[in-house]
Amino acid sequence: MRRVGPPVVKLLDDDVESIKYSLASHLLYSVGKEPISATARDWFMAAAYAVRDRVSEHWMPTLNRYYAEDRKRVYYMSMEFLIGRTLSNSMINLGIYDTVKQAVTDMGVDFDEVLGWEVEAALGNGGLGRLAACLLDSMATLGVPGFGYGIRYDYGMFTQHVEHGWQVESPENWLRYGNPWEFARPGIIYPVRFGGRVVHYKDVLGHTRAQWMDTEEVMAMAYDVPIPGYGGKTVNNLRLWTAKSTREFDLKYFNAGNYIEAVRDKAESETLSKVLYPSDLTDRGKELRFKQEYFFVAASIQDILSRFRKAHSDWDKLPDKVAVQLNDTHPAMVVAELMRVLVDEYQIDWHRAWALTRATCAYTNHTLLPEALETWPVDLFQRVLPRHLEIIFQLNHEFLQEVRHRHPGDNDLLRRVSVIAEEGDRRVRMGHLAVIGSHKVNGVAAIHTGLMKSTIFSDFDHLNPGKINNKTNGVTPRRWLLLSNPGLAALISGKIGKDWVIHLDQLKKLEPLAADAEFRTQFSAVKHANKVRLAEVISQRLGVDINPASLFDVQIKRIHEYKRQLLNVLHVISRYSRIRANPLVDVVPRVVIIGGKAAPGYLLAKLIIKLINDVADVVNNDPLVGDKLKVVFVPNYNVSTAELVMPAADLSEQISTAGTEASGTGNMKMSMNGALTIGTWDGANVEICEEVGEENMFLFGLTAQEVARLRIDGYSPRAAIAANQDLKRAIDLIASGYFSPDEPERFGAIVDILTNSDHYLLTADFAGYMTAQERVDELYRDQPEWNRKAILNVARMGKFSSDRTVSEYARDIWGVPV
Ligand SMILES: *Cc1c(COP(=O)(O)O)cnc(C)c1O
């Protein structure tokens, strides 16, 4: 039931008095407290509700407008949305930050403490999930009818503690106190089926039909989260699914008489949305993960099609009204599910259904790492989704037939492009399924897209030139500059106005100011204040005192061998040795800040965290070193930590082995906040360099081509180690137990990898990295020049707004206006 109703009545005003009224009434009516007994968390809830009311006022009108205008909708399907905190972001986007702050303060409450009580929504691992959140912000800001679909995990990303230097995970029960940003929709609930068998029969017209039967069912219930764009005019919707047992399940089990067991089984049937898999790469072969993927795909497709059917009866209109974007292969089952629903449930002709599916779907690839390319065993498919497996076999058969027709006799080509990997146990290659089921396939930075075309998808690129295209990632300047760095934002706005917030290219206007000594001084004062703020938190939380006058050298991101935190550590150890060898030498004081979570099962990554902390212990407590070098491991890296750390960075470490980091977005956030990058020719570093100029970065190391060549020729690290005194000494120190006297062999696995295989070529890049670090020191001594380059970095980061990214998707892939 949808009416194009009377004009929207504005119920709420945004002045301080009205907001105070909202705060007081929510404190009483929604939280059930009065000011005298209210805790800071109660005030947080009251503030969240007061702001949510104002978000909601624009939400329903937005959705109604889309219906009235029959707009094409974009569905962003993602297993992860790493949103972070919402209160301050919503206030910023609605333009009510200062008034709410005033209202809260007027009521005698500490505003920052209130903000601090929000538990962030960490429904993602890292870059991929954070990209999804930035794209949602930009779609809403640009007025694109963009809807997110994902899973409402009871437990999002784990909380990382550091105990005796080791990572310890604890579950993050983020919903414990209730989530003020979500709206439960118990009426929006769909069955999702698993298992069973397929029977084929002839219908009355003599067509062969498939029936998937004897299945088990789980229900998917919707929760909606409003996503306000900047300016507040558009508020889009993020719909997250939670698993519920079915009514039949309840009847069957509870009637059997064993009440307690029935409750237990009921809980078990609701495990599908319990927990986010905490691995940056995929958890191969995990049945629960496989079911999670299908669960959210099946619910979302039913929802999307039912919305389409409300306004349209002509299926040919589907691609004109619906765009489905697959964020990596996690939702690739969309391809088979859409086919199944169109063919089996709506009796649409197979080939017509296939044309509609391909015209509707598009796929974003996020990694080339072989261990991260999703494949699922045919056996598992057969057991859990037998009808989908049939459909995939049929699609693959027809696809291979076409390839065979175009390339007769090339059996090796058929083997390579097949959706089914036949080597060993047969597996479904989800990447290939996503490619054949999409009209566009994109990479996330120019170099990554180029490598996709020349490596993992080269055959597909030849078969279908132009289908693979690039959409370089971006980040939202609202959260990553305006909100997280108010000092710099105010300085910028004071000079060039506020338009940059939605037209980031405007930052270009800062360029001339790089030569202005007064502006440089102001810029450097802002950076200093951000460093003081970070130093205070580090001192409070970790008990490590750092000097804000030092160079803050920052590497924060998931811990992974390919990201090469170890290369950073090797530099730290060399620096430490040099200082000890010559304590009177004049060095640029540095604080090396490292943060990031390791997947709980990734033992080597956890050992790297331990090494960082052991090195920190030795370095930080060495009186010969003092302020010359400090090492800090920041625990529990998440969006809120990023918002604190990014604005305080002088140096941004982006040192992955060339060809391994698809894009990176941390690199963009830090550069946008006035850090200089030390980095390799990888991911978006390449494009950042194009924009800011090579002379304003510290680039080093092998190119992706050189890496590929070295690996083909067979790289052995021993020669590189023997040839470099610093490197040899650093590895020897680790091997000797210098940093782990209580257990000298502790880091044997790390030493072994560095000296024997070194797949990620740390030893090959070490010398170049050291030289680049020397250039860093040299430049930092010249503060005016350092600041000049840092300002130029900020001024030239316009390209890396996710608004630009979304505009390109809208134009080239989705076919929607911006
Ligand atoms: C931006 C961001 C990332 C991605 O960082 P990379 O350096 O690109 O890997 C990961 N986690 C969080 C919390 C982020 O904010």
# chains A, B, ... in the order shown; residues from 1 in each chain; ligands from 1
call {"tool": "closest_atom_pairs", "arguments": {"of": "segment 646-716 of chain A", "to": "segment 777-786 of chain A", "cutoff": "10 Å", "atoms": "only C-alpha atoms", "output": "Markdown table"}}
result
| residue | atom | partner | partner_atom | distance |
| --- | --- | --- | --- | --- |
| A:Asp650 | CA | A:Tyr780 | CA | 9.3 |
| A:Leu651 | CA | A:Tyr780 | CA | 10.0 |
| A:Ala675 | CA | A:Trp786 | CA | 9.6 |
| A:Leu676 | CA | A:Trp786 | CA | 8.5 |
| A:Asn696 | CA | A:Trp786 | CA | 9.0 |
call {"tool": "write_last_selection", "arguments": {"atoms": "all heavy atoms", "output": "PDB file, in the first residue's frame"}}
result
ATOM      1  N   ASP A 650      52.233  11.626   9.959  1.00  0.00           N
ATOM      2  CA  ASP A 650      53.124  12.385   9.090  1.00  0.00           C
ATOM      3  C   ASP A 650      53.492  11.543   7.870  1.00  0.00           C
ATOM      4  O   ASP A 650      53.575  12.041   6.764  1.00  0.00           O
ATOM      5  CB  ASP A 650      54.428  12.736   9.831  1.00  0.00           C
ATOM      6  CG  ASP A 650      54.197  13.745  10.940  1.00  0.00           C
ATOM      7  OD1 ASP A 650      53.586  14.799  10.674  1.00  0.00           O
ATOM      8  OD2 ASP A 650      54.634  13.478  12.083  1.00  0.00           O
ATOM      9  N   LEU A 651      53.738  10.260   8.148  1.00  0.00           N
ATOM     10  CA  LEU A 651      54.204   9.361   7.098  1.00  0.00           C
ATOM     11  C   LEU A 651      53.239   8.188   7.000  1.00  0.00           C
ATOM     12  O   LEU A 651      52.917   7.562   8.011  1.00  0.00           O
ATOM     13  CB  LEU A 651      55.625   8.865   7.443  1.00  0.00           C
ATOM     14  CG  LEU A 651      56.323   8.032   6.373  1.00  0.00           C
ATOM     15  CD1 LEU A 651      56.609   8.874   5.134  1.00  0.00           C
ATOM     16  CD2 LEU A 651      57.635   7.450   6.926  1.00  0.00           C
ATOM     17  N   ALA A 675      49.438  13.475   5.174  1.00  0.00           N
ATOM     18  CA  ALA A 675      50.627  12.647   5.390  1.00  0.00           C
ATOM     19  C   ALA A 675      51.327  12.467   4.044  1.00  0.00           C
ATOM     20  O   ALA A 675      50.681  12.486   2.999  1.00  0.00           O
ATOM     21  CB  ALA A 675      50.239  11.292   5.964  1.00  0.00           C
ATOM     22  N   LEU A 676      52.635  12.292   4.080  1.00  0.00           N
ATOM     23  CA  LEU A 676      53.355  11.901   2.869  1.00  0.00           C
ATOM     24  C   LEU A 676      53.436  10.378   2.850  1.00  0.00           C
ATOM     25  O   LEU A 676      53.547   9.745   3.898  1.00  0.00           O
ATOM     26  CB  LEU A 676      54.765  12.496   2.857  1.00  0.00           C
ATOM     27  CG  LEU A 676      54.866  14.027   2.919  1.00  0.00           C
ATOM     28  CD1 LEU A 676      56.301  14.467   2.627  1.00  0.00           C
ATOM     29  CD2 LEU A 676      53.929  14.673   1.913  1.00  0.00           C
ATOM     30  N   ASN A 696      56.551  14.384  -4.502  1.00  0.00           N
ATOM     31  CA  ASN A 696      55.875  14.591  -3.218  1.00  0.00           C
ATOM     32  C   ASN A 696      55.534  13.286  -2.511  1.00  0.00           C
ATOM     33  O   ASN A 696      54.629  13.231  -1.658  1.00  0.00           O
ATOM     34  CB  ASN A 696      54.610  15.429  -3.432  1.00  0.00           C
ATOM     35  CG  ASN A 696      54.958  16.800  -4.003  1.00  0.00           C
ATOM     36  OD1 ASN A 696      55.820  17.484  -3.461  1.00  0.00           O
ATOM     37  ND2 ASN A 696      54.327  17.167  -5.101  1.00  0.00           N
TER      38      ASN A 696
END
call {"tool": "residues_around", "arguments": {"residues": "segment 625-632 of chain A", "least_positions_apart": "2", "cutoff": "7 Å", "atoms": "only C-alpha atoms", "output": "short mmCIF file (atom, residue, chain, number, x, y, z; two decimals) with N, CA and C atoms, in the first residue's frame"}}
result
data_model
loop_
_atom_site.label_atom_id
_atom_site.label_comp_id
_atom_site.auth_asym_id
_atom_site.auth_seq_id
_atom_site.Cartn_x
_atom_site.Cartn_y
_atom_site.Cartn_z
N ASN A 547 56.59 11.64 22.08
CA ASN A 547 56.78 13.07 21.90
C ASN A 547 56.12 13.53 20.60
N ILE A 579 71.12 3.55 16.04
CA ILE A 579 71.11 4.49 17.17
C ILE A 579 72.00 3.95 18.29
N ARG A 580 71.87 2.66 18.56
CA ARG A 580 72.67 2.07 19.64
C ARG A 580 74.16 2.11 19.32
N VAL A 587 69.64 12.18 15.08
CA VAL A 587 68.64 11.54 14.21
C VAL A 587 67.31 12.27 14.37
N VAL A 588 66.47 12.11 13.35
CA VAL A 588 65.12 12.66 13.43
C VAL A 588 64.30 11.72 14.32
N PRO A 589 63.79 12.25 15.45
CA PRO A 589 63.02 11.37 16.33
C PRO A 589 61.78 10.83 15.63
N ARG A 590 61.51 9.54 15.84
CA ARG A 590 60.37 8.91 15.17
C ARG A 590 59.53 8.12 16.14
N VAL A 591 58.25 8.12 15.90
CA VAL A 591 57.36 7.17 16.56
C VAL A 591 56.77 6.31 15.45
N VAL A 592 57.05 5.02 15.52
CA VAL A 592 56.49 4.09 14.53
C VAL A 592 55.24 3.48 15.12
N ILE A 593 54.12 3.77 14.47
CA ILE A 593 52.82 3.32 14.97
C ILE A 593 52.29 2.25 14.04
N ILE A 594 52.02 1.08 14.60
CA ILE A 594 51.50 -0.02 13.79
C ILE A 594 50.22 -0.51 14.45
N ALA A 616 58.98 -3.46 20.36
CA ALA A 616 58.57 -2.22 21.04
C ALA A 616 59.07 -2.23 22.49
N VAL A 619 62.91 -1.57 22.45
CA VAL A 619 63.25 -0.22 21.98
C VAL A 619 62.78 0.85 22.97
N ASN A 620 61.53 0.73 23.41
CA ASN A 620 60.95 1.78 24.24
C ASN A 620 61.60 1.86 25.62
N ASP A 622 64.88 1.21 26.21
CA ASP A 622 66.33 1.34 26.11
C ASP A 622 66.72 2.79 26.38
N PRO A 623 67.40 3.06 27.49
CA PRO A 623 67.74 4.45 27.83
C PRO A 623 68.66 5.09 26.80
N VAL A 634 49.07 -0.16 18.25
CA VAL A 634 47.76 0.32 18.68
C VAL A 634 46.77 -0.84 18.59
#
call {"tool": "atom_distance", "arguments": {"atom1": "atom CA of Val639 of chain A", "atom2": "atom 15 (O, counted along the ligand's line) of ligand 1"}}
result
4.5 Å
call {"tool": "select_by_dssp", "arguments": {"residues": "segment 751-816 of chain A", "states": "alpha helix (DSSP H)", "output": "MDAnalysis selection string"}}
result
chainID A and resid 751:752 762:781 783:795 802:809
call {"tool": "atom_distance", "arguments": {"atom1": "atom CA of Asn442 of chain A", "atom2": "atom CA of Asn470 of chain A"}}
result
5.1 Å
call {"tool": "closest_residue", "arguments": {"among": "A:Trp241, A:Phe81, A:Phe399, A:Tyr363", "to": "ligand 1", "atoms": "only C-alpha atoms and all ligand atoms"}}
result
A:Phe81
call {"tool": "atom_distance", "arguments": {"atom1": "atom CA of Val501 of chain A", "atom2": "atom CA of Glu643 of chain A"}}
result
16.8 Å
call {"tool": "closest_residue", "arguments": {"among": "A:Ser438, A:His528, A:Pro61, A:Asn613", "to": "Val569 of chain A", "atoms": "only C-alpha atoms"}}
result
A:Asn613
call {"tool": "residues_around", "arguments": {"residues": "Leu373 of chain A", "least_positions_apart": "2", "cutoff": "10 Å", "atoms": "only C-alpha atoms", "output": "compact mmCIF listing (two decimals) with N, CA and C atoms, in the first residue's frame"}}
result
# COMPACT_ATOMS: atom_id res chain seq x y z
N LEU A 281 40.78 -12.81 3.98
CA LEU A 281 40.64 -13.66 2.80
C LEU A 281 39.47 -14.59 3.09
N THR A 282 39.12 -15.44 2.15
CA THR A 282 37.92 -16.25 2.39
C THR A 282 38.24 -17.44 3.28
N ARG A 284 37.87 -20.87 3.16
CA ARG A 284 37.56 -21.87 2.17
C ARG A 284 36.91 -23.09 2.78
N ASP A 328 32.69 -8.23 -4.60
CA ASP A 328 33.49 -9.46 -4.61
C ASP A 328 32.59 -10.65 -4.94
N THR A 329 33.12 -11.85 -4.84
CA THR A 329 32.33 -13.02 -5.25
C THR A 329 31.43 -13.53 -4.13
N ASN A 365 35.80 -7.12 -8.60
CA ASN A 365 36.84 -8.01 -8.07
C ASN A 365 37.73 -7.22 -7.11
N HIS A 366 38.14 -7.87 -6.00
CA HIS A 366 38.93 -7.17 -5.00
C HIS A 366 40.31 -7.75 -4.76
N THR A 367 40.62 -8.85 -5.39
CA THR A 367 41.93 -9.43 -5.10
C THR A 367 42.38 -10.38 -6.21
N LEU A 368 43.69 -10.45 -6.38
CA LEU A 368 44.27 -11.39 -7.32
C LEU A 368 44.95 -12.54 -6.58
N LEU A 369 45.05 -12.43 -5.26
CA LEU A 369 45.76 -13.46 -4.50
C LEU A 369 45.05 -14.80 -4.68
N PRO A 370 45.78 -15.81 -5.13
CA PRO A 370 45.14 -17.09 -5.44
C PRO A 370 44.39 -17.68 -4.23
N GLU A 371 44.94 -17.50 -3.02
CA GLU A 371 44.29 -18.10 -1.86
C GLU A 371 42.98 -17.41 -1.52
N THR A 375 36.32 -20.62 -4.24
CA THR A 375 35.80 -21.78 -4.94
C THR A 375 35.08 -22.63 -3.92
N ARG A 429 34.11 -22.32 -9.44
CA ARG A 429 34.90 -21.08 -9.32
C ARG A 429 33.92 -19.91 -9.33
N MET A 430 33.79 -19.28 -8.17
CA MET A 430 32.78 -18.24 -8.04
C MET A 430 33.12 -17.00 -8.87
N GLY A 431 34.41 -16.75 -9.05
CA GLY A 431 34.83 -15.61 -9.88
C GLY A 431 34.37 -15.79 -11.32
N HIS A 432 34.53 -17.00 -11.84
CA HIS A 432 34.11 -17.25 -13.21
C HIS A 432 32.59 -17.17 -13.35
N ILE A 456 44.47 -13.20 -14.04
CA ILE A 456 43.41 -14.16 -13.70
C ILE A 456 42.24 -14.17 -14.70
call {"tool": "closest_residue", "arguments": {"among": "A:Val444, A:Ala489, A:Ala355, A:Ala103", "to": "ligand 1", "atoms": "only C-alpha atoms and all ligand atoms"}}
result
A:Val444
call {"tool": "select_by_dssp", "arguments": {"residues": "segment 598-796 of chain A", "states": "strand (DSSP E)", "output": "short mmCIF file (atom, residue, chain, number, x, y, z; two decimals) with N, CA and C atoms, in the first residue's frame"}}
result
data_model
loop_
_atom_site.label_atom_id
_atom_site.label_comp_id
_atom_site.auth_asym_id
_atom_site.auth_seq_id
_atom_site.Cartn_x
_atom_site.Cartn_y
_atom_site.Cartn_z
N LEU A 629 63.55 7.00 19.13
CA LEU A 629 62.72 5.99 18.47
C LEU A 629 61.75 5.39 19.47
N LYS A 630 60.50 5.37 19.10
CA LYS A 630 59.49 4.68 19.90
C LYS A 630 58.67 3.82 18.96
N VAL A 631 58.19 2.71 19.47
CA VAL A 631 57.35 1.82 18.66
C VAL A 631 56.05 1.57 19.43
N VAL A 632 54.93 1.78 18.76
CA VAL A 632 53.64 1.60 19.43
C VAL A 632 52.76 0.69 18.60
N PHE A 633 52.29 -0.38 19.21
CA PHE A 633 51.26 -1.18 18.55
C PHE A 633 49.91 -0.73 19.11
N VAL A 634 49.07 -0.16 18.25
CA VAL A 634 47.76 0.32 18.68
C VAL A 634 46.77 -0.84 18.59
N LEU A 651 53.74 10.26 8.15
CA LEU A 651 54.20 9.36 7.10
C LEU A 651 53.24 8.19 7.00
N SER A 652 52.78 7.89 5.80
CA SER A 652 51.83 6.83 5.54
C SER A 652 52.56 5.65 4.90
N GLU A 653 52.57 4.51 5.58
CA GLU A 653 53.30 3.34 5.09
C GLU A 653 52.39 2.49 4.21
N GLN A 654 52.71 2.42 2.92
CA GLN A 654 51.91 1.66 1.95
C GLN A 654 52.86 0.79 1.14
N LEU A 676 52.64 12.29 4.08
CA LEU A 676 53.36 11.90 2.87
C LEU A 676 53.44 10.38 2.85
N THR A 677 53.41 9.82 1.65
CA THR A 677 53.37 8.37 1.51
C THR A 677 54.76 7.81 1.22
N ILE A 678 55.12 6.78 1.97
CA ILE A 678 56.26 5.97 1.54
C ILE A 678 55.64 4.68 1.02
N GLY A 679 55.89 4.35 -0.24
CA GLY A 679 55.14 3.24 -0.78
C GLY A 679 55.73 2.64 -2.03
N PHE A 698 57.46 9.16 -1.44
CA PHE A 698 58.71 8.39 -1.34
C PHE A 698 58.45 7.01 -1.91
N LEU A 699 58.67 6.87 -3.20
CA LEU A 699 58.40 5.59 -3.84
C LEU A 699 59.67 4.76 -3.89
#
call {"tool": "residues_around", "arguments": {"residues": "segment 478-481 of chain A", "least_positions_apart": "2", "cutoff": "9 Å", "atoms": "only C-alpha atoms", "output": "PDB file with N, CA, C and O atoms, in the first residue's frame"}}
result
ATOM      1  N   ASN A  89      28.596  11.087  12.501  1.00  0.00           N
ATOM      2  CA  ASN A  89      28.479  11.140  11.046  1.00  0.00           C
ATOM      3  C   ASN A  89      27.105  11.628  10.601  1.00  0.00           C
ATOM      4  O   ASN A  89      26.987  12.437   9.673  1.00  0.00           O
ATOM      5  N   ILE A  92      26.850  15.360  11.175  1.00  0.00           N
ATOM      6  CA  ILE A  92      27.594  16.069  10.130  1.00  0.00           C
ATOM      7  C   ILE A  92      26.778  16.102   8.841  1.00  0.00           C
ATOM      8  O   ILE A  92      26.607  17.146   8.211  1.00  0.00           O
ATOM      9  N   ASN A  93      26.257  14.949   8.437  1.00  0.00           N
ATOM     10  CA  ASN A  93      25.556  14.900   7.154  1.00  0.00           C
ATOM     11  C   ASN A  93      24.251  15.695   7.184  1.00  0.00           C
ATOM     12  O   ASN A  93      23.818  16.235   6.183  1.00  0.00           O
ATOM     13  N   CYS A 134      31.669   3.566   2.453  1.00  0.00           N
ATOM     14  CA  CYS A 134      31.941   4.841   1.770  1.00  0.00           C
ATOM     15  C   CYS A 134      31.043   4.997   0.542  1.00  0.00           C
ATOM     16  O   CYS A 134      30.537   6.095   0.269  1.00  0.00           O
ATOM     17  N   ASP A 137      27.587   6.105   1.564  1.00  0.00           N
ATOM     18  CA  ASP A 137      27.577   7.531   1.894  1.00  0.00           C
ATOM     19  C   ASP A 137      27.538   8.376   0.612  1.00  0.00           C
ATOM     20  O   ASP A 137      26.787   9.343   0.517  1.00  0.00           O
ATOM     21  N   TYR A 230      25.129  13.615   2.602  1.00  0.00           N
ATOM     22  CA  TYR A 230      25.511  14.939   3.085  1.00  0.00           C
ATOM     23  C   TYR A 230      24.512  15.963   2.565  1.00  0.00           C
ATOM     24  O   TYR A 230      24.160  15.968   1.388  1.00  0.00           O
ATOM     25  N   VAL A 475      37.279   7.334  -0.935  1.00  0.00           N
ATOM     26  CA  VAL A 475      36.778   7.363   0.450  1.00  0.00           C
ATOM     27  C   VAL A 475      35.899   8.597   0.605  1.00  0.00           C
ATOM     28  O   VAL A 475      36.063   9.584  -0.124  1.00  0.00           O
ATOM     29  N   THR A 476      34.972   8.530   1.541  1.00  0.00           N
ATOM     30  CA  THR A 476      34.098   9.689   1.699  1.00  0.00           C
ATOM     31  C   THR A 476      34.803  10.797   2.477  1.00  0.00           C
ATOM     32  O   THR A 476      35.269  10.578   3.597  1.00  0.00           O
ATOM     33  N   LEU A 483      34.816  15.100   9.398  1.00  0.00           N
ATOM     34  CA  LEU A 483      34.503  14.592  10.727  1.00  0.00           C
ATOM     35  C   LEU A 483      35.756  14.243  11.533  1.00  0.00           C
ATOM     36  O   LEU A 483      35.863  14.587  12.710  1.00  0.00           O
ATOM     37  N   SER A 484      36.707  13.561  10.902  1.00  0.00           N
ATOM     38  CA  SER A 484      37.833  13.043  11.676  1.00  0.00           C
ATOM     39  C   SER A 484      38.916  14.099  11.892  1.00  0.00           C
ATOM     40  O   SER A 484      39.724  13.971  12.802  1.00  0.00           O
ATOM     41  N   ASN A 485      38.930  15.114  11.064  1.00  0.00           N
ATOM     42  CA  ASN A 485      39.989  16.130  11.180  1.00  0.00           C
ATOM     43  C   ASN A 485      39.388  17.530  11.167  1.00  0.00           C
ATOM     44  O   ASN A 485      39.597  18.310  10.222  1.00  0.00           O
ATOM     45  N   PRO A 486      38.613  17.868  12.219  1.00  0.00           N
ATOM     46  CA  PRO A 486      37.909  19.154  12.216  1.00  0.00           C
ATOM     47  C   PRO A 486      38.863  20.347  12.092  1.00  0.00           C
ATOM     48  O   PRO A 486      38.504  21.365  11.489  1.00  0.00           O
ATOM     49  N   LEU A 488      41.787  20.570  10.386  1.00  0.00           N
ATOM     50  CA  LEU A 488      42.188  20.772   8.991  1.00  0.00           C
ATOM     51  C   LEU A 488      40.987  21.208   8.158  1.00  0.00           C
ATOM     52  O   LEU A 488      41.101  22.086   7.292  1.00  0.00           O
ATOM     53  N   ALA A 489      39.825  20.599   8.435  1.00  0.00           N
ATOM     54  CA  ALA A 489      38.621  20.953   7.674  1.00  0.00           C
ATOM     55  C   ALA A 489      38.323  22.438   7.824  1.00  0.00           C
ATOM     56  O   ALA A 489      38.023  23.137   6.848  1.00  0.00           O
ATOM     57  N   VAL A 501      33.573  19.743   0.399  1.00  0.00           N
ATOM     58  CA  VAL A 501      32.982  18.588   1.081  1.00  0.00           C
ATOM     59  C   VAL A 501      32.204  17.709   0.098  1.00  0.00           C
ATOM     60  O   VAL A 501      32.170  16.484   0.234  1.00  0.00           O
ATOM     61  N   ILE A 502      31.593  18.334  -0.910  1.00  0.00           N
ATOM     62  CA  ILE A 502      30.905  17.529  -1.932  1.00  0.00           C
ATOM     63  C   ILE A 502      31.559  17.636  -3.310  1.00  0.00           C
ATOM     64  O   ILE A 502      31.154  16.940  -4.240  1.00  0.00           O
ATOM     65  N   ALA A 642      40.853   4.480  13.398  1.00  0.00           N
ATOM     66  CA  ALA A 642      41.334   5.086  12.153  1.00  0.00           C
ATOM     67  C   ALA A 642      41.054   6.591  12.164  1.00  0.00           C
ATOM     68  O   ALA A 642      41.901   7.391  11.761  1.00  0.00           O
ATOM     69  N   GLU A 643      39.884   6.971  12.645  1.00  0.00           N
ATOM     70  CA  GLU A 643      39.524   8.389  12.660  1.00  0.00           C
ATOM     71  C   GLU A 643      40.452   9.196  13.572  1.00  0.00           C
ATOM     72  O   GLU A 643      40.669  10.382  13.352  1.00  0.00           O
ATOM     73  N   MET A 646      44.551   8.524  11.572  1.00  0.00           N
ATOM     74  CA  MET A 646      44.831   9.070  10.231  1.00  0.00           C
ATOM     75  C   MET A 646      45.236  10.551  10.266  1.00  0.00           C
ATOM     76  O   MET A 646      46.216  10.951   9.624  1.00  0.00           O
ATOM     77  N   PRO A 647      44.490  11.403  11.001  1.00  0.00           N
ATOM     78  CA  PRO A 647      44.824  12.832  10.983  1.00  0.00           C
ATOM     79  C   PRO A 647      46.154  13.158  11.661  1.00  0.00           C
ATOM     80  O   PRO A 647      46.674  14.253  11.487  1.00  0.00           O
ATOM     81  N   LYS A 669      43.138   7.915   2.739  1.00  0.00           N
ATOM     82  CA  LYS A 669      42.737   8.637   3.942  1.00  0.00           C
ATOM     83  C   LYS A 669      43.905   9.432   4.515  1.00  0.00           C
ATOM     84  O   LYS A 669      43.754  10.590   4.905  1.00  0.00           O
ATOM     85  N   MET A 670      45.077   8.803   4.566  1.00  0.00           N
ATOM     86  CA  MET A 670      46.210   9.497   5.198  1.00  0.00           C
ATOM     87  C   MET A 670      46.720  10.643   4.341  1.00  0.00           C
ATOM     88  O   MET A 670      47.017  11.727   4.854  1.00  0.00           O
ATOM     89  N   MET A 672      45.028  12.400   2.233  1.00  0.00           N
ATOM     90  CA  MET A 672      44.002  13.448   2.315  1.00  0.00           C
ATOM     91  C   MET A 672      44.133  14.250   3.612  1.00  0.00           C
ATOM     92  O   MET A 672      43.715  15.394   3.698  1.00  0.00           O
ATOM     93  N   ASN A 673      44.714  13.626   4.631  1.00  0.00           N
ATOM     94  CA  ASN A 673      44.892  14.291   5.918  1.00  0.00           C
ATOM     95  C   ASN A 673      46.309  14.826   6.092  1.00  0.00           C
ATOM     96  O   ASN A 673      46.745  15.103   7.213  1.00  0.00           O
TER      97      ASN A 673
END
call {"tool": "closest_residue", "arguments": {"among": "A:Asp682, A:Asp42, A:Glu216, A:Glu691", "to": "ligand 1", "atoms": "only C-alpha atoms and all ligand atoms"}}
result
A:Asp682
call {"tool": "residues_around", "arguments": {"residues": "Asp425 of chain A", "least_positions_apart": "3", "cutoff": "12 Å", "atoms": "only C-alpha atoms", "output": "VMD selection string"}}
result
chain A and resid 285 375 to 380 420 to 422 428
call {"tool": "closest_residue", "arguments": {"among": "A:Ser574, A:Asn582, A:Thr665, A:Gln167", "to": "ligand 1", "atoms": "only C-alpha atoms and all ligand atoms"}}
result
A:Thr665
